[in-house]
Amino acid sequence: MRTPIIAGNWKMNKTAAESVAFANEIKEALNQIEGVDIVFCPPAINIPGVAKAVQGTKIGVGAQNMYFEEKGAYTGELAPNMITPFCQYVILGHSERRAYFGETDEGVNKKIKAALAHNLTPIICVGESLEQNEAGETQSFVSGQVKAAFADLTAEQATACIIAYEPIWAIGTGKSATVEQAGGIIKTAVRDAIAELYGEAAAQAIRIQYGGSVTIENINAYMSHPDIDGALVGGASLKPGFVDLVKGAI
Ligand code: PEP
């Protein structure tokens, strides 16, 4: 069976001191929760401090992005081997990176390959805009994003990844997708795309999260859907209530 995974994407929030203090505040309570994988994704500069704070606990650490090249003249970027001493995970292709920083499916695919080559687990974000949703394009767009992300990857590489289905209209808006909407797209556009590429065994093995205004109140309902294996959480991961949200996932 697939172990659920809840990842907190702290985005561009919390200073170094605040990040460490928050990790210290909630780590013991999170460490007691069995049956779920837990990940903190702090701002890049705060990663070493948070990694040190959660050392010896079950909490994993993820970067919110990285570059696919090994080194060189890429001002402002981080190479995979710069994050591997601290991170087990890396979020790739978040819709905010696609919208504000020009990330493309092709670039996301290169980053996935680089992450896997460095034994990092990619959390690959896909999801449609409100316009695409209203135009009835969700299914084809999301499944296209999944197929583009996995171009030239083997089944073994694919199942080492996590996919987060995050409808853009639900991120940070308080307007979460219904369980039926989220679970339906995760099944028909994400898991079925993996089945098409790699077969049913791979489709059943890969973990797929929902993301978009997940809260303490709604996490349990999402987790009741057989195709939803956890959540990528933004706003609600910044407060101590994150502990109860994680408890709600099991
Ligand atoms: C996210 O950051 O990926 C996200 C889903 O944010 P929020 O939970 O705030 O909607």
# chains A, B, ... in the order shown; residues from 1 in each chain; ligands from 1

$ closest_atom_pairs --of "stretch 98-151 of chain A" --to "stretch 192-196 of chain A" --cutoff "12 Å" --atoms "only C-alpha atoms" --output "Markdown table"
| residue | atom | partner | partner_atom | distance |
| --- | --- | --- | --- | --- |
| A:Gln139 | CA | A:Ala193 | CA | 10.1 |
| A:Ser140 | CA | A:Ala193 | CA | 10.0 |
| A:Phe141 | CA | A:Ala193 | CA | 11.3 |
| A:Val142 | CA | A:Ala193 | CA | 9.2 |
| A:Ser143 | CA | A:Ala193 | CA | 5.8 |
| A:Gly144 | CA | A:Ala193 | CA | 8.3 |
| A:Gln145 | CA | A:Ala193 | CA | 9.7 |
| A:Val146 | CA | A:Ala193 | CA | 6.9 |
| A:Lys147 | CA | A:Ala193 | CA | 6.8 |
| A:Ala148 | CA | A:Ala193 | CA | 10.5 |
| A:Ala149 | CA | A:Ile194 | CA | 10.8 |
| A:Phe150 | CA | A:Ile194 | CA | 8.8 |
| A:Ala151 | CA | A:Ile194 | CA | 11.2 |

$ residues_near_ligand --ligand "ligand 1" --cutoff "6 Å" --atoms "only C-alpha atoms and all ligand atoms" --output "compact mmCIF listing (two decimals) with all heavy atoms, in the first residue's frame"
# COMPACT_ATOMS: atom_id res chain seq x y z
N ASN A 9 4.66 23.36 2.12
CA ASN A 9 5.40 24.29 1.27
C ASN A 9 5.32 25.66 1.93
O ASN A 9 4.29 26.31 1.86
CB ASN A 9 4.77 24.31 -0.13
CG ASN A 9 5.41 25.35 -1.04
OD1 ASN A 9 6.46 25.90 -0.71
ND2 ASN A 9 4.78 25.61 -2.18
N ALA A 170 -7.33 26.81 -6.90
CA ALA A 170 -7.55 26.41 -5.50
C ALA A 170 -6.38 26.77 -4.60
O ALA A 170 -6.48 26.67 -3.38
CB ALA A 170 -7.80 24.90 -5.43
N ILE A 171 -5.26 27.22 -5.20
CA ILE A 171 -4.06 27.48 -4.40
C ILE A 171 -4.15 28.84 -3.72
O ILE A 171 -4.26 29.87 -4.39
CB ILE A 171 -2.79 27.41 -5.27
CG1 ILE A 171 -2.62 26.00 -5.84
CG2 ILE A 171 -1.55 27.79 -4.45
CD1 ILE A 171 -1.42 25.83 -6.74
N GLY A 172 -4.13 28.81 -2.40
CA GLY A 172 -4.12 30.05 -1.62
C GLY A 172 -5.40 30.85 -1.71
O GLY A 172 -5.43 32.02 -1.31
N GLY A 211 -3.32 19.27 -3.74
CA GLY A 211 -2.94 20.55 -3.14
C GLY A 211 -3.87 21.65 -3.58
O GLY A 211 -4.32 21.67 -4.74
N GLY A 212 -4.18 22.55 -2.66
CA GLY A 212 -5.07 23.67 -2.98
C GLY A 212 -6.02 23.92 -1.83
O GLY A 212 -7.04 23.27 -1.72
N SER A 213 -5.59 24.84 -0.92
CA SER A 213 -6.42 25.21 0.24
C SER A 213 -6.80 24.01 1.10
O SER A 213 -7.94 23.89 1.55
CB SER A 213 -7.67 25.98 -0.23
OG SER A 213 -7.30 27.19 -0.88
N VAL A 214 -5.82 23.14 1.31
CA VAL A 214 -6.03 22.03 2.25
C VAL A 214 -5.93 22.58 3.68
O VAL A 214 -5.06 23.40 3.99
CB VAL A 214 -4.98 20.90 2.03
CG1 VAL A 214 -5.08 19.85 3.13
CG2 VAL A 214 -5.19 20.26 0.67
N LEU A 232 -0.10 18.46 -0.57
CA LEU A 232 0.92 19.51 -0.57
C LEU A 232 0.19 20.73 -0.01
O LEU A 232 -0.80 21.17 -0.58
CB LEU A 232 1.45 19.75 -1.98
CG LEU A 232 2.55 20.81 -2.14
CD1 LEU A 232 3.73 20.54 -1.22
CD2 LEU A 232 3.04 20.86 -3.59
N VAL A 233 0.69 21.22 1.11
CA VAL A 233 -0.04 22.23 1.89
C VAL A 233 0.75 23.52 1.93
O VAL A 233 1.93 23.50 2.31
CB VAL A 233 -0.27 21.71 3.33
CG1 VAL A 233 -1.12 22.69 4.12
CG2 VAL A 233 -0.90 20.32 3.33
N GLY A 234 0.13 24.63 1.56
CA GLY A 234 0.79 25.93 1.63
C GLY A 234 0.46 26.63 2.93
O GLY A 234 1.06 26.36 3.98
N GLY A 235 -0.53 27.50 2.90
CA GLY A 235 -0.87 28.36 4.04
C GLY A 235 -1.00 27.62 5.36
O GLY A 235 -0.47 28.08 6.39

$ residues_around --residues "stretch 16-32 of chain A" --least-positions-apart "6" --cutoff "6 Å" --atoms "only C-alpha atoms" --output "ChimeraX atom specification"
/A:46,50,57-58,243

$ write_last_selection --atoms "N, CA and C atoms" --output "tab-separated table (two decimals), in the first residue's frame"
chain	number	residue	atom	x	y	z
A	46	ASN	N	16.98	28.83	4.40
A	46	ASN	CA	16.67	28.32	5.75
A	46	ASN	C	16.75	26.80	5.84
A	50	VAL	N	16.79	24.25	9.26
A	50	VAL	CA	15.62	23.39	9.50
A	50	VAL	C	16.06	21.92	9.48
A	57	THR	N	14.47	13.05	13.75
A	57	THR	CA	13.01	12.86	13.73
A	57	THR	C	12.63	12.22	12.40
A	58	LYS	N	11.35	11.91	12.25
A	58	LYS	CA	10.88	11.32	11.00
A	58	LYS	C	10.63	12.37	9.92
A	243	VAL	N	0.14	20.30	12.77
A	243	VAL	CA	0.20	19.01	13.47
A	243	VAL	C	-1.16	18.31	13.40

$ select_by_dssp --residues "stretch 95-141 of chain A" --states "strand (DSSP E or B)" --output "PyMOL selection string"
chain A and resi 121-126

$ write_last_selection --atoms "all heavy atoms" --output "compact mmCIF listing (two decimals), in the first residue's frame"
# COMPACT_ATOMS: atom_id res chain seq x y z
N THR A 121 13.83 12.91 -4.07
CA THR A 121 12.48 12.56 -4.50
C THR A 121 11.78 13.81 -5.01
O THR A 121 11.49 14.72 -4.22
CB THR A 121 11.66 11.97 -3.33
OG1 THR A 121 12.33 10.80 -2.87
CG2 THR A 121 10.24 11.65 -3.75
N PRO A 122 11.47 13.86 -6.31
CA PRO A 122 10.77 15.05 -6.82
C PRO A 122 9.29 15.01 -6.42
O PRO A 122 8.66 13.95 -6.46
CB PRO A 122 10.88 14.92 -8.35
CG PRO A 122 11.86 13.82 -8.61
CD PRO A 122 11.84 12.94 -7.40
N ILE A 123 8.77 16.16 -6.01
CA ILE A 123 7.32 16.34 -5.84
C ILE A 123 6.92 17.21 -7.02
O ILE A 123 7.20 18.42 -7.05
CB ILE A 123 6.98 17.01 -4.49
CG1 ILE A 123 7.49 16.15 -3.33
CG2 ILE A 123 5.47 17.26 -4.38
CD1 ILE A 123 7.27 16.78 -1.93
N ILE A 124 6.31 16.59 -8.03
CA ILE A 124 6.07 17.26 -9.31
C ILE A 124 4.66 17.85 -9.32
O ILE A 124 3.68 17.12 -9.16
CB ILE A 124 6.20 16.25 -10.47
CG1 ILE A 124 7.56 15.55 -10.41
CG2 ILE A 124 5.99 16.94 -11.81
CD1 ILE A 124 7.57 14.22 -11.15
N CYS A 125 4.58 19.16 -9.50
CA CYS A 125 3.27 19.83 -9.44
C CYS A 125 2.66 19.98 -10.83
O CYS A 125 3.33 20.40 -11.78
CB CYS A 125 3.41 21.21 -8.82
SG CYS A 125 4.07 21.16 -7.15
N VAL A 126 1.38 19.62 -10.93
CA VAL A 126 0.61 19.81 -12.14
C VAL A 126 -0.74 20.41 -11.74
O VAL A 126 -1.15 20.29 -10.59
CB VAL A 126 0.39 18.49 -12.92
CG1 VAL A 126 1.71 17.92 -13.42
CG2 VAL A 126 -0.33 17.44 -12.05

$ select_by_dssp --residues "stretch 26-91 of chain A" --states "alpha helix (DSSP H)" --output "PyMOL selection string"
chain A and resi 26-31+47-54+80-83

$ residues_around --residues "A:Ser95" --least-positions-apart "5" --cutoff "9 Å" --atoms "only C-alpha atoms" --output "MDAnalysis selection string"
chainID A and resid 100 103 125:128 166:168 171

$ closest_residue --among "A:Ala221, A:Val90, A:Ala44, A:Val39" --to "A:Gly8" --atoms "only C-alpha atoms"
A:Val39

$ closest_residue --among "A:Ile5, A:Ala249, A:Ala115, A:Ala135" --to "A:Tyr67" --atoms "only C-alpha atoms"
A:Ala115

$ closest_residue --among "A:Pro85, A:Val246, A:Phe40, A:Pro4" --to "A:Pro226" --atoms "only C-alpha atoms"
A:Pro4

$ residues_around --residues "A:Asn65" --least-positions-apart "6" --cutoff "8 Å" --atoms "only C-alpha atoms" --output "PyMOL selection string"
chain A and resi 90-93

$ write_last_selection --atoms "N, CA, C and O atoms" --output "tab-separated table (two decimals), in the first residue's frame"
chain	number	residue	atom	x	y	z
A	90	VAL	N	12.42	17.45	-3.39
A	90	VAL	CA	12.44	18.77	-4.03
A	90	VAL	C	11.13	18.97	-4.79
A	90	VAL	O	10.71	18.10	-5.55
A	91	ILE	N	10.47	20.09	-4.50
A	91	ILE	CA	9.25	20.43	-5.25
A	91	ILE	C	9.69	20.95	-6.62
A	91	ILE	O	10.57	21.80	-6.71
A	92	LEU	N	9.08	20.43	-7.67
A	92	LEU	CA	9.43	20.88	-9.02
A	92	LEU	C	8.18	21.26	-9.80
A	92	LEU	O	7.16	20.57	-9.73
A	93	GLY	N	8.26	22.36	-10.53
A	93	GLY	CA	7.15	22.77	-11.39
A	93	GLY	C	5.94	23.30	-10.65
A	93	GLY	O	4.82	23.22	-11.16

$ residues_around --residues "stretch 180-185 of chain A" --least-positions-apart "6" --cutoff "8 Å" --atoms "only C-alpha atoms" --output "PyMOL selection string"
chain A and resi 138-139+165+210+222+225-228

$ write_last_selection --atoms "C-alpha atoms" --output "compact mmCIF listing (two decimals), in the first residue's frame"
# COMPACT_ATOMS: atom_id res chain seq x y z
CA THR A 138 -8.68 20.04 -17.17
CA GLN A 139 -8.41 16.38 -18.10
CA TYR A 165 -2.27 17.70 -8.44
CA TYR A 210 -3.83 16.90 -3.75
CA TYR A 222 -9.48 14.14 0.79
CA HIS A 225 -10.57 9.07 -1.57
CA PRO A 226 -8.72 5.92 -2.66
CA ASP A 227 -6.58 7.77 -5.22
CA ILE A 228 -5.42 10.63 -2.97

$ residues_around --residues "A:Gln88" --least-positions-apart "2" --cutoff "6 Å" --atoms "only C-alpha atoms" --output "number ranges by chain"
A: 61-62, 120

$ atom_distance --atom1 "atom CA of A:Cys161" --atom2 "atom CA of A:Glu134"
29.2 Å

$ closest_residue --among "A:Pro42, A:Ile219, A:Asp152, A:Leu238" --to "A:Glu106" --atoms "only C-alpha atoms"
A:Asp152
